[in-house]
Structures are given as C-alpha cells and as structure tokens.
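*Asks:* I am sharing protein36.csv, which consists of CSV, C-alpha atoms:
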chain,number,residue,atom,x,y,z
A,5,MET,CA,12.5,5.4,20.4
A,6,GLY,CA,15.9,3.8,21.0
A,7,ILE,CA,18.1,2.8,18.1
A,8,GLN,CA,20.5,0.5,20.0
A,9,GLY,CA,21.7,-2.2,17.8
A,10,MET,CA,20.0,-0.8,14.7
A,11,GLU,CA,23.1,-1.6,12.5
A,12,LEU,CA,22.1,-5.3,12.8
A,13,CYS,CA,18.3,-5.0,13.2
A,14,ALA,CA,17.4,-2.4,10.6
A,15,MET,CA,15.3,-5.0,8.8
A,16,ALA,CA,12.7,-4.8,11.5
A,17,VAL,CA,12.7,-1.0,11.2
A,18,VAL,CA,12.1,-1.3,7.4
A,19,VAL,CA,9.2,-3.7,8.0
A,20,LEU,CA,7.7,-1.7,10.9
A,21,LEU,CA,7.7,1.5,9.0
A,22,PHE,CA,6.3,-0.1,5.9
A,23,ILE,CA,3.5,-1.7,7.9
A,24,ALA,CA,2.6,1.8,9.2
A,25,VAL,CA,2.4,3.0,5.6
A,26,LEU,CA,0.1,0.1,4.7
A,27,LYS,CA,-2.2,0.9,7.5
A,28,GLN,CA,-2.2,4.5,6.4
A,29,PHE,CA,-3.2,3.4,3.0
A,30,GLY,CA,-5.9,1.2,4.4
A,31,ILE,CA,-4.3,-1.7,2.6
A,32,LEU,CA,-4.4,-4.1,5.6
A,33,GLU,CA,-8.1,-3.8,6.2
A,34,PRO,CA,-9.9,-7.1,6.1
A,35,MET,CA,-12.0,-7.9,3.0
A,36,SER,CA,-15.5,-9.5,3.2
A,37,MET,CA,-16.5,-12.4,1.0
A,38,GLU,CA,-18.9,-10.3,-1.0
A,39,ASP,CA,-16.0,-7.9,-1.9
A,40,SER,CA,-14.2,-10.6,-3.8
A,41,SER,CA,-16.0,-10.4,-7.1
A,42,ASP,CA,-16.0,-6.6,-7.1
A,43,SER,CA,-12.3,-6.4,-6.6
A,44,GLU,CA,-11.6,-8.8,-9.4
A,45,LEU,CA,-13.7,-6.7,-11.8
A,46,GLU,CA,-11.9,-3.6,-10.6
A,47,LEU,CA,-8.6,-4.9,-11.8
A,48,SER,CA,-9.3,-3.7,-15.3
A,49,ALA,CA,-10.6,-0.2,-14.2
A,50,VAL,CA,-7.2,1.6,-13.9
A,51,ARG,CA,-4.8,2.9,-16.5
A,52,HIS,CA,-2.1,0.5,-15.4
A,53,GLN,CA,-3.4,-3.0,-15.2
A,54,PRO,CA,-1.5,-5.5,-12.9
A,55,GLU,CA,-0.7,-9.0,-14.0
A,56,GLU,CA,-3.3,-11.6,-13.7
A,57,LEU,CA,-4.1,-12.6,-10.2
A,58,ASP,CA,-3.2,-16.2,-10.8
A,59,GLN,CA,0.2,-15.2,-11.9
A,60,LEU,CA,0.7,-12.9,-8.9
A,61,GLN,CA,-0.5,-15.7,-6.6
A,62,ALA,CA,2.2,-18.0,-8.1
A,63,GLN,CA,4.9,-15.3,-7.6
A,64,THR,CA,3.9,-14.5,-4.0
A,65,LYS,CA,2.7,-16.2,-0.8
A,66,PHE,CA,-0.6,-14.4,-0.8
A,67,THR,CA,-4.0,-16.0,-1.5
A,68,LYS,CA,-6.2,-14.7,-4.3
A,69,LYS,CA,-8.5,-13.0,-1.8
A,70,GLU,CA,-5.5,-11.4,-0.1
A,71,LEU,CA,-4.3,-10.1,-3.4
A,72,GLN,CA,-7.7,-8.7,-4.2
A,73,SER,CA,-7.8,-6.9,-0.8
A,74,LEU,CA,-4.3,-5.5,-1.2
A,75,TYR,CA,-5.2,-4.3,-4.7
A,76,ARG,CA,-8.3,-2.5,-3.4
A,77,GLY,CA,-6.3,-0.6,-0.9
A,78,PHE,CA,-3.5,0.1,-3.4
A,79,LYS,CA,-6.0,1.4,-6.0
A,80,ASN,CA,-7.8,3.6,-3.6
A,81,GLU,CA,-4.6,5.5,-2.8
A,82,CYS,CA,-3.0,5.1,-6.3
A,83,PRO,CA,-5.8,5.3,-8.9
A,84,THR,CA,-3.3,5.1,-11.8
A,85,GLY,CA,-1.8,1.8,-10.4
A,86,LEU,CA,1.6,3.4,-9.9
A,87,VAL,CA,3.4,5.1,-7.0
A,88,ASP,CA,6.1,7.6,-7.9
A,89,GLU,CA,8.9,8.6,-5.5
A,90,ASP,CA,7.5,12.0,-4.6
A,91,THR,CA,4.3,10.3,-3.3
A,92,PHE,CA,6.3,7.7,-1.4
A,93,LYS,CA,8.3,10.5,0.3
A,94,LEU,CA,5.1,12.4,1.1
A,95,ILE,CA,3.7,9.3,2.8
A,96,TYR,CA,6.8,8.8,5.0
A,97,SER,CA,7.0,12.5,5.9
A,98,GLN,CA,3.6,12.3,7.5
A,99,PHE,CA,4.9,9.8,10.0
A,100,PHE,CA,8.0,11.9,10.9
A,101,PRO,CA,6.9,15.6,10.8
A,102,GLN,CA,9.7,16.6,13.1
A,103,GLY,CA,12.3,14.7,11.2
A,104,ASP,CA,13.5,14.4,7.6
A,105,ALA,CA,12.3,11.1,6.0
A,106,THR,CA,13.2,12.1,2.4
A,107,THR,CA,16.5,10.2,2.1
A,108,TYR,CA,15.2,7.0,3.8
A,109,ALA,CA,12.1,7.0,1.7
A,110,HIS,CA,14.3,7.3,-1.4
A,111,PHE,CA,16.3,4.3,-0.5
A,112,LEU,CA,13.3,2.2,0.4
A,113,PHE,CA,11.5,3.3,-2.8
A,114,ASN,CA,14.5,2.1,-4.8
A,115,ALA,CA,14.3,-1.3,-3.1
A,116,PHE,CA,10.7,-1.7,-4.2
A,117,ASP,CA,11.2,-0.2,-7.6
A,118,ALA,CA,12.6,-3.5,-9.0
A,119,GLU,CA,12.9,-2.3,-12.6
A,120,GLY,CA,14.4,1.1,-11.7
A,121,ASN,CA,11.8,2.9,-13.8
A,122,GLY,CA,10.9,5.5,-11.2
A,123,ALA,CA,7.5,4.0,-10.2
A,124,ILE,CA,6.3,1.2,-8.0
A,125,ARG,CA,3.7,-1.0,-9.8
A,126,PHE,CA,1.2,-3.1,-7.8
A,127,GLU,CA,3.2,-6.1,-8.9
A,128,ASP,CA,6.4,-4.7,-7.4
A,129,PHE,CA,4.5,-3.8,-4.3
A,130,VAL,CA,3.0,-7.2,-3.6
A,131,ILE,CA,6.2,-9.1,-4.5
A,132,GLY,CA,8.2,-7.1,-2.1
A,133,LEU,CA,5.6,-7.2,0.6
A,134,SER,CA,5.4,-11.0,0.2
A,135,ILE,CA,9.1,-11.3,0.9
A,136,LEU,CA,9.0,-8.9,3.9
A,137,LEU,CA,6.0,-10.6,5.5
A,138,ARG,CA,6.1,-14.2,4.4
A,139,GLY,CA,9.4,-14.9,2.8
A,140,THR,CA,12.1,-17.2,4.1
A,141,VAL,CA,14.8,-15.8,6.3
A,142,HIS,CA,17.1,-16.1,3.3
A,143,GLU,CA,14.7,-14.1,1.0
A,144,LYS,CA,14.2,-11.4,3.6
A,145,LEU,CA,18.0,-11.0,4.2
A,146,LYS,CA,18.6,-10.8,0.4
A,147,TRP,CA,16.0,-8.1,0.3
A,148,ALA,CA,17.7,-6.2,3.1
A,149,PHE,CA,21.1,-6.6,1.4
A,150,ASN,CA,19.6,-5.1,-1.7
A,151,LEU,CA,18.3,-2.1,0.3
A,152,TYR,CA,21.8,-1.5,1.7
A,153,ASP,CA,23.6,-2.1,-1.6
A,154,ILE,CA,22.6,1.3,-3.0
A,155,ASN,CA,24.4,1.1,-6.3
A,156,LYS,CA,23.5,-2.5,-6.8
A,157,ASP,CA,27.1,-3.7,-7.5
A,158,GLY,CA,26.8,-6.7,-5.2
A,159,TYR,CA,28.8,-5.1,-2.3
A,160,ILE,CA,27.9,-3.0,0.7
A,161,THR,CA,30.5,-0.3,1.3
A,162,LYS,CA,30.9,1.8,4.4
A,163,GLU,CA,29.8,4.8,2.5
A,164,GLU,CA,26.5,3.1,1.5
A,165,MET,CA,25.8,1.8,5.0
A,166,LEU,CA,26.6,5.2,6.5
A,167,ALA,CA,24.2,6.8,4.0
A,168,ILE,CA,21.5,4.4,5.1
A,169,MET,CA,22.2,4.9,8.8
A,170,LYS,CA,22.3,8.7,8.5
A,171,SER,CA,18.9,8.6,6.7
A,172,ILE,CA,17.4,6.6,9.6
A,173,TYR,CA,18.9,9.0,12.2
A,174,ASP,CA,17.6,12.0,10.2
A,175,MET,CA,14.2,10.5,10.2
A,176,MET,CA,14.0,9.3,13.8
A,177,GLY,CA,17.1,10.4,15.7
A,178,ARG,CA,15.7,13.4,17.5
A,179,HIS,CA,12.9,11.3,18.9
A,180,THR,CA,15.3,9.0,20.8
A,181,TYR,CA,16.3,9.1,24.4
A,182,PRO,CA,19.0,9.8,25.3
A,183,ILE,CA,19.7,12.2,22.4
A,184,LEU,CA,22.1,10.6,20.0
A,185,ARG,CA,25.5,12.1,19.3
A,186,GLU,CA,26.3,13.3,15.7
A,187,ASP,CA,29.0,10.6,15.3
A,188,ALA,CA,26.6,7.8,16.4
A,189,PRO,CA,25.8,6.7,12.8
A,190,LEU,CA,29.5,6.3,12.0
A,191,GLU,CA,30.0,4.2,15.2
A,192,HIS,CA,27.1,1.9,14.1
A,193,VAL,CA,28.7,1.5,10.7
A,194,GLU,CA,32.1,0.6,12.2
A,195,ARG,CA,30.4,-2.0,14.4
A,196,PHE,CA,28.5,-3.4,11.5
A,197,PHE,CA,31.7,-3.9,9.5
A,198,GLN,CA,33.5,-5.4,12.4
A,199,LYS,CA,30.9,-8.1,12.5
A,200,MET,CA,30.1,-8.5,8.8
A,201,ASP,CA,33.3,-7.9,6.9
A,202,ARG,CA,34.9,-11.3,7.6
A,203,ASN,CA,37.9,-11.0,5.3
A,204,GLN,CA,38.4,-7.3,6.2
A,205,ASP,CA,38.6,-6.1,2.6
A,206,GLY,CA,36.4,-3.0,3.3
A,207,VAL,CA,33.2,-4.3,1.7
A,208,VAL,CA,30.5,-6.7,2.8
A,209,THR,CA,29.4,-9.4,0.2
A,210,ILE,CA,26.0,-11.1,0.2
A,211,ASP,CA,27.6,-14.3,1.5
A,212,GLU,CA,29.2,-12.4,4.4
A,213,PHE,CA,25.9,-10.7,5.1
A,214,LEU,CA,23.9,-13.9,5.1
A,215,GLU,CA,26.3,-15.8,7.2
A,216,THR,CA,26.6,-13.2,9.9
A,217,CYS,CA,22.9,-12.4,10.1
A,218,GLN,CA,21.9,-16.1,10.3
A,219,LYS,CA,24.2,-16.5,13.3
A,220,ASP,CA,22.7,-13.5,15.2
A,221,GLU,CA,19.7,-14.3,17.4
A,222,ASN,CA,18.4,-10.7,17.4
A,223,ILE,CA,18.3,-10.5,13.6
A,224,MET,CA,16.7,-14.0,13.4
A,225,SER,CA,14.0,-13.0,15.8
A,226,SER,CA,13.3,-9.7,13.9
A,227,MET,CA,12.7,-11.8,10.8
A,228,GLN,CA,9.6,-13.3,12.4
A,229,LEU,CA,8.0,-10.2,13.8
A,230,PHE,CA,5.4,-9.4,11.1
A,231,GLU,CA,4.7,-12.7,9.5
A,232,ASN,CA,1.0,-12.7,10.5
A,233,VAL,CA,0.1,-9.1,9.8
A,234,ILE,CA,-2.3,-10.1,7.1
Give the structure from the file, written as structure tokens.
*Replies:*
Amino acid sequence: MGIQGMELCAMAVVVLLFIAVLKQFGILEPMSMEDSSDSELELSAVRHQPEELDQLQAQTKFTKKELQSLYRGFKNECPTGLVDEDTFKLIYSQFFPQGDATTYAHFLFNAFDAEGNGAIRFEDFVIGLSILLRGTVHEKLKWAFNLYDINKDGYITKEEMLAIMKSIYDMMGRHTYPILREDAPLEHVERFFQKMDRNQDGVVTIDEFLETCQKDENIMSSMQLFENVI
C-alpha cells in the first residue's frame, strides 16, 4: 500500500481503517424490520445504558433504525457497553499482524474518547462515526484536527504530527512498495507544515488547517469516500 501524500490525506486512512473495524465487529450488517423492536428492548440489557435513542438521533445523522443496528453490533462485541483502550488496540493489531498498530490505535482511541475517561461509550462511538461518515466537510476536518492535536491545546506541532505519522508508518510502512526510508515520516511532516503553517510560527492552528484543507482537491475528495457506507 502506498502512502504518497498521506500527510494531507490521512483522514481517508482514519476512516478506511475504522470501517474495517466496524466490519470486523459486524456493526455494518443490515438490520431487518423485525429486528427493530428487539434491539430497542436490548438497550436496557447491558450494564452501561446508552442515552435514549431519540436523543442520539438528534445528536447524529443516523436514523433510529440505523442506531438500533449499530447498537446491536456494538453490544455483541462489547457486552458492557464500553470499549477500553486495550480492546481497541487488540482489534487494530488483528489487521496489521506484521506491523505495530499500538500507537496509532492509542491516538485514534483518544479521538473517540471524548470525555477522556479511558473508555469509549456507545454514545461516543456513534457521534464520532456520524461525523466521519455523514458530517460536513468542516465537521470532518475539525475531527481530524482533534486527532492530530494530541495534547488538545488547540495547536498541531511538528512533534505531534511526527508522532502520528510514525504511528501510521509503524502500522503499515513495511507493506508499502517501494520500501519507505526511515526519514520518510519526517519528510512528510515538513511538507505538511510548509503547506499548513501559513504564518510560519512553527504550529498549525485550526483556522490554518481548515483553510488549507478546503483548498486541496485531494483532501476534499477524500472527505466524500465513505458517506454511503451505512
């Protein structure tokens, strides 16, 4: 798998890998009409109960039936209604047995763990998924910025972007052709900052990130890749 241009198209990588996780969970399987009532009753059957479906429907761009289907898949894999980081890492390691997905899974887990409590609730899961699959371009880019802004201080530094890039190379780099050089992640980061850091102050703000991304055709096309997955 080639990683050319990944410094500007990593959002597609995030979504693609997460879709693979969903399919592994069985979360994207279609739900029949007769399953609807059963799923609604099951919402009270786990130790951690999600918010009311009507409230989640208002917070996301999923229909009630889609939320019920998503919940069934989530509950089947996570009976407690919560996903901890170790489970998340284990899932990603199954997709990259010859690589090391630990660090990338850590960063992605933190992006979904909205409250920073060390667990992804069903609510966190569907709200993040709604943004990735059906959010506006602005919403998707803000989500991506949050992923890159590791310490959540409102800025992307070279160190943070390098950590993200290294985690992606650790996970997939050895499967690329031609084989990538060890300094390739740093080169990607430098190109990223040349394009994004408009005032050259050494950090990328959300405004710089949004402005640059929305002017890039590759990024804009990647935003539309997975809108009709479910």
*Asks:* Any idea what's packed within 9 Å of segment 115-120 of chain A, counting all atoms listed in the file, ignoring anything in its chain fewer than 2 positions away? Could you give it as a ChimeraX atom specification?
*Replies:* /A:110-113,122-125,128-129,131-133,147-148,150-152,154
*Asks:* Got a sec: who's within 10 Å of Thr91 of chain A, counting only C-alpha atoms, leaving out chain neighbours fewer than 5 positions off, as a VMD selection string?
*Replies:* chain A and resid 82 86 96 to 97 109 123
*Asks:* Take atom CA of Glu221 of chain A and atom CA of Glu186 of chain A and report the distance between them in Å, one decimal.
*Replies:*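 Taking atom CA of Glu221 of chain A as the start and atom CA of Glu186 of chain A as the end point, the length is 28.4 Å.
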*Asks:* Counting only C-alpha atoms, select every polymer residue within 9 Å of (14.8, 12.1, 4.6) as defined in the file's coordinates, and provide the selection as an NGL selection string.
*Replies:* :A and (93 or 96-97 or 103-110 or 171-172 or 174-175)
*Asks:* Store the residues of this selection in a file with C-alpha atoms, as a JSON list (two decimals), in the coordinates of the input.
*Replies:*
[["chain", "number", "residue", "atom", "x", "y", "z"],
["A", 93, "LYS", "CA", 8.30, 10.50, 0.30],
["A", 96, "TYR", "CA", 6.80, 8.80, 5.00],
["A", 97, "SER", "CA", 7.00, 12.50, 5.90],
["A", 103, "GLY", "CA", 12.30, 14.70, 11.20],
["A", 104, "ASP", "CA", 13.50, 14.40, 7.60],
["A", 105, "ALA", "CA", 12.30, 11.10, 6.00],
["A", 106, "THR", "CA", 13.20, 12.10, 2.40],
["A", 107, "THR", "CA", 16.50, 10.20, 2.10],
["A", 108, "TYR", "CA", 15.20, 7.00, 3.80],
["A", 109, "ALA", "CA", 12.10, 7.00, 1.70],
["A", 110, "HIS", "CA", 14.30, 7.30, -1.40],
["A", 171, "SER", "CA", 18.90, 8.60, 6.70],
["A", 172, "ILE", "CA", 17.40, 6.60, 9.60],
["A", 174, "ASP", "CA", 17.60, 12.00, 10.20],
["A", 175, "MET", "CA", 14.20, 10.50, 10.20]]
*Asks:* Taking (30.4, -5.9, 13.2) in the file's own coordinates, collect the residues within 12 Å, counting only C-alpha atoms, and hand them back as an mmCIF file with C-alpha atoms, in the coordinates of the input.
*Replies:*
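In the end it all went to point.cif:
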data_model
loop_
_atom_site.group_PDB
_atom_site.id
_atom_site.type_symbol
_atom_site.label_atom_id
_atom_site.label_comp_id
_atom_site.auth_asym_id
_atom_site.auth_seq_id
_atom_site.Cartn_x
_atom_site.Cartn_y
_atom_site.Cartn_z
ATOM 1 C CA GLY A 9 21.700 -2.200 17.800
ATOM 2 C CA MET A 10 20.000 -0.800 14.700
ATOM 3 C CA GLU A 11 23.100 -1.600 12.500
ATOM 4 C CA LEU A 12 22.100 -5.300 12.800
ATOM 5 C CA LYS A 162 30.900 1.800 4.400
ATOM 6 C CA GLU A 191 30.000 4.200 15.200
ATOM 7 C CA HIS A 192 27.100 1.900 14.100
ATOM 8 C CA VAL A 193 28.700 1.500 10.700
ATOM 9 C CA GLU A 194 32.100 0.600 12.200
ATOM 10 C CA ARG A 195 30.400 -2.000 14.400
ATOM 11 C CA PHE A 196 28.500 -3.400 11.500
ATOM 12 C CA PHE A 197 31.700 -3.900 9.500
ATOM 13 C CA GLN A 198 33.500 -5.400 12.400
ATOM 14 C CA LYS A 199 30.900 -8.100 12.500
ATOM 15 C CA MET A 200 30.100 -8.500 8.800
ATOM 16 C CA ASP A 201 33.300 -7.900 6.900
ATOM 17 C CA ARG A 202 34.900 -11.300 7.600
ATOM 18 C CA GLN A 204 38.400 -7.300 6.200
ATOM 19 C CA GLY A 206 36.400 -3.000 3.300
ATOM 20 C CA VAL A 207 33.200 -4.300 1.700
ATOM 21 C CA VAL A 208 30.500 -6.700 2.800
ATOM 22 C CA GLU A 212 29.200 -12.400 4.400
ATOM 23 C CA PHE A 213 25.900 -10.700 5.100
ATOM 24 C CA THR A 216 26.600 -13.200 9.900
ATOM 25 C CA CYS A 217 22.900 -12.400 10.100
ATOM 26 C CA ASP A 220 22.700 -13.500 15.200
#
*Asks:* As an exercise, work out the distance from atom CA of Leu57 of chain A to atom CA of Lys69 of chain A in Å and give it to one decimal place.
*Replies:*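 Value for the atom CA of Leu57 of chain A-atom CA of Lys69 of chain A distance: 9.5 Å.
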*Asks:* Could you state the separation of atom CA of Phe149 of chain A and atom CA of Glu215 of chain A in Å, given to one decimal place?
*Replies:*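 Atom CA of Glu215 of chain A lies 12.1 Å from atom CA of Phe149 of chain A.
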*Asks:* Could you list, as a PyMOL selection string, every residue within 12 Å of Leu60 of chain A, counting all atoms listed in the file and ignoring same-chain residues fewer than 3 positions away?
*Replies:* chain A and resi 54-57+63-72+74-75+126-132+134
*Asks:* Since the input is missing atoms for segment 164-175 of chain A, could you rebuild it with all heavy atoms and give the result as a JSON list (two decimals), in the coordinates of the input?
*Replies:*
[["chain", "number", "residue", "atom", "x", "y", "z"],
["A", 164, "GLU", "N", 27.94, 3.38, 1.72],
["A", 164, "GLU", "CA", 26.50, 3.10, 1.50],
["A", 164, "GLU", "C", 25.83, 2.83, 2.85],
["A", 164, "GLU", "O", 24.72, 3.33, 3.06],
["A", 164, "GLU", "CB", 26.42, 1.80, 0.64],
["A", 164, "GLU", "CG", 26.77, 2.04, -0.82],
["A", 164, "GLU", "CD", 26.80, 0.77, -1.64],
["A", 164, "GLU", "OE1", 27.26, -0.27, -1.11],
["A", 164, "GLU", "OE2", 26.36, 0.81, -2.80],
["A", 165, "MET", "N", 26.46, 2.06, 3.73],
["A", 165, "MET", "CA", 25.80, 1.80, 5.00],
["A", 165, "MET", "C", 25.71, 3.09, 5.83],
["A", 165, "MET", "O", 24.70, 3.31, 6.52],
["A", 165, "MET", "CB", 26.65, 0.77, 5.80],
["A", 165, "MET", "CG", 26.06, 0.41, 7.16],
["A", 165, "MET", "SD", 24.33, -0.12, 7.11],
["A", 165, "MET", "CE", 24.49, -1.67, 6.24],
["A", 166, "LEU", "N", 26.70, 3.97, 5.75],
["A", 166, "LEU", "CA", 26.60, 5.20, 6.50],
["A", 166, "LEU", "C", 25.47, 6.09, 5.93],
["A", 166, "LEU", "O", 24.76, 6.75, 6.70],
["A", 166, "LEU", "CB", 27.94, 6.00, 6.34],
["A", 166, "LEU", "CG", 28.03, 7.33, 7.10],
["A", 166, "LEU", "CD1", 27.81, 7.10, 8.59],
["A", 166, "LEU", "CD2", 29.38, 8.00, 6.86],
["A", 167, "ALA", "N", 25.28, 6.07, 4.61],
["A", 167, "ALA", "CA", 24.20, 6.80, 4.00],
["A", 167, "ALA", "C", 22.83, 6.32, 4.54],
["A", 167, "ALA", "O", 21.93, 7.11, 4.87],
["A", 167, "ALA", "CB", 24.23, 6.75, 2.50],
["A", 168, "ILE", "N", 22.69, 4.98, 4.62],
["A", 168, "ILE", "CA", 21.50, 4.40, 5.10],
["A", 168, "ILE", "C", 21.26, 4.78, 6.60],
["A", 168, "ILE", "O", 20.17, 5.20, 7.02],
["A", 168, "ILE", "CB", 21.47, 2.87, 5.01],
["A", 168, "ILE", "CG1", 21.48, 2.45, 3.53],
["A", 168, "ILE", "CG2", 20.27, 2.25, 5.75],
["A", 168, "ILE", "CD1", 20.19, 2.66, 2.81],
["A", 169, "MET", "N", 22.31, 4.63, 7.40],
["A", 169, "MET", "CA", 22.20, 4.90, 8.80],
["A", 169, "MET", "C", 21.88, 6.40, 9.07],
["A", 169, "MET", "O", 21.05, 6.73, 9.91],
["A", 169, "MET", "CB", 23.49, 4.53, 9.54],
["A", 169, "MET", "CG", 23.76, 3.03, 9.60],
["A", 169, "MET", "SD", 22.37, 2.06, 10.23],
["A", 169, "MET", "CE", 22.08, 2.85, 11.81],
["A", 170, "LYS", "N", 22.53, 7.28, 8.33],
["A", 170, "LYS", "CA", 22.30, 8.70, 8.50],
["A", 170, "LYS", "C", 20.80, 9.01, 8.14],
["A", 170, "LYS", "O", 20.16, 9.86, 8.78],
["A", 170, "LYS", "CB", 23.20, 9.54, 7.62],
["A", 170, "LYS", "CG", 24.60, 9.68, 8.20],
["A", 170, "LYS", "CD", 25.45, 10.61, 7.33],
["A", 170, "LYS", "CE", 26.80, 10.86, 7.96],
["A", 170, "LYS", "NZ", 27.65, 11.75, 7.11],
["A", 171, "SER", "N", 20.29, 8.34, 7.11],
["A", 171, "SER", "CA", 18.90, 8.60, 6.70],
["A", 171, "SER", "C", 17.93, 8.16, 7.80],
["A", 171, "SER", "O", 16.91, 8.82, 8.02],
["A", 171, "SER", "CB", 18.59, 7.86, 5.40],
["A", 171, "SER", "OG", 18.45, 6.47, 5.58],
["A", 172, "ILE", "N", 18.26, 7.06, 8.50],
["A", 172, "ILE", "CA", 17.40, 6.60, 9.60],
["A", 172, "ILE", "C", 17.50, 7.57, 10.78],
["A", 172, "ILE", "O", 16.49, 7.92, 11.42],
["A", 172, "ILE", "CB", 17.77, 5.18, 10.02],
["A", 172, "ILE", "CG1", 17.49, 4.20, 8.88],
["A", 172, "ILE", "CG2", 16.98, 4.75, 11.27],
["A", 172, "ILE", "CD1", 17.94, 2.78, 9.14],
["A", 173, "TYR", "N", 18.70, 8.03, 11.08],
["A", 173, "TYR", "CA", 18.90, 9.00, 12.20],
["A", 173, "TYR", "C", 18.20, 10.32, 11.85],
["A", 173, "TYR", "O", 17.60, 10.95, 12.72],
["A", 173, "TYR", "CB", 20.36, 9.21, 12.46],
["A", 173, "TYR", "CG", 20.95, 8.16, 13.37],
["A", 173, "TYR", "CD1", 21.40, 6.94, 12.85],
["A", 173, "TYR", "CD2", 21.05, 8.37, 14.74],
["A", 173, "TYR", "CE1", 21.94, 5.97, 13.68],
["A", 173, "TYR", "CE2", 21.58, 7.39, 15.58],
["A", 173, "TYR", "CZ", 22.02, 6.20, 15.04],
["A", 173, "TYR", "OH", 22.54, 5.24, 15.86],
["A", 174, "ASP", "N", 18.30, 10.75, 10.58],
["A", 174, "ASP", "CA", 17.60, 12.00, 10.20],
["A", 174, "ASP", "C", 16.13, 11.87, 10.39],
["A", 174, "ASP", "O", 15.46, 12.84, 10.77],
["A", 174, "ASP", "CB", 17.91, 12.30, 8.71],
["A", 174, "ASP", "CG", 19.33, 12.77, 8.48],
["A", 174, "ASP", "OD1", 20.00, 13.16, 9.46],
["A", 174, "ASP", "OD2", 19.76, 12.75, 7.31],
["A", 175, "MET", "N", 15.61, 10.68, 10.14],
["A", 175, "MET", "CA", 14.20, 10.50, 10.20],
["A", 175, "MET", "C", 13.69, 10.31, 11.66],
["A", 175, "MET", "O", 12.65, 10.81, 12.05],
["A", 175, "MET", "CB", 13.80, 9.23, 9.41],
["A", 175, "MET", "CG", 12.33, 8.92, 9.36],
["A", 175, "MET", "SD", 11.98, 7.60, 8.17],
["A", 175, "MET", "CE", 13.01, 6.28, 8.81]]
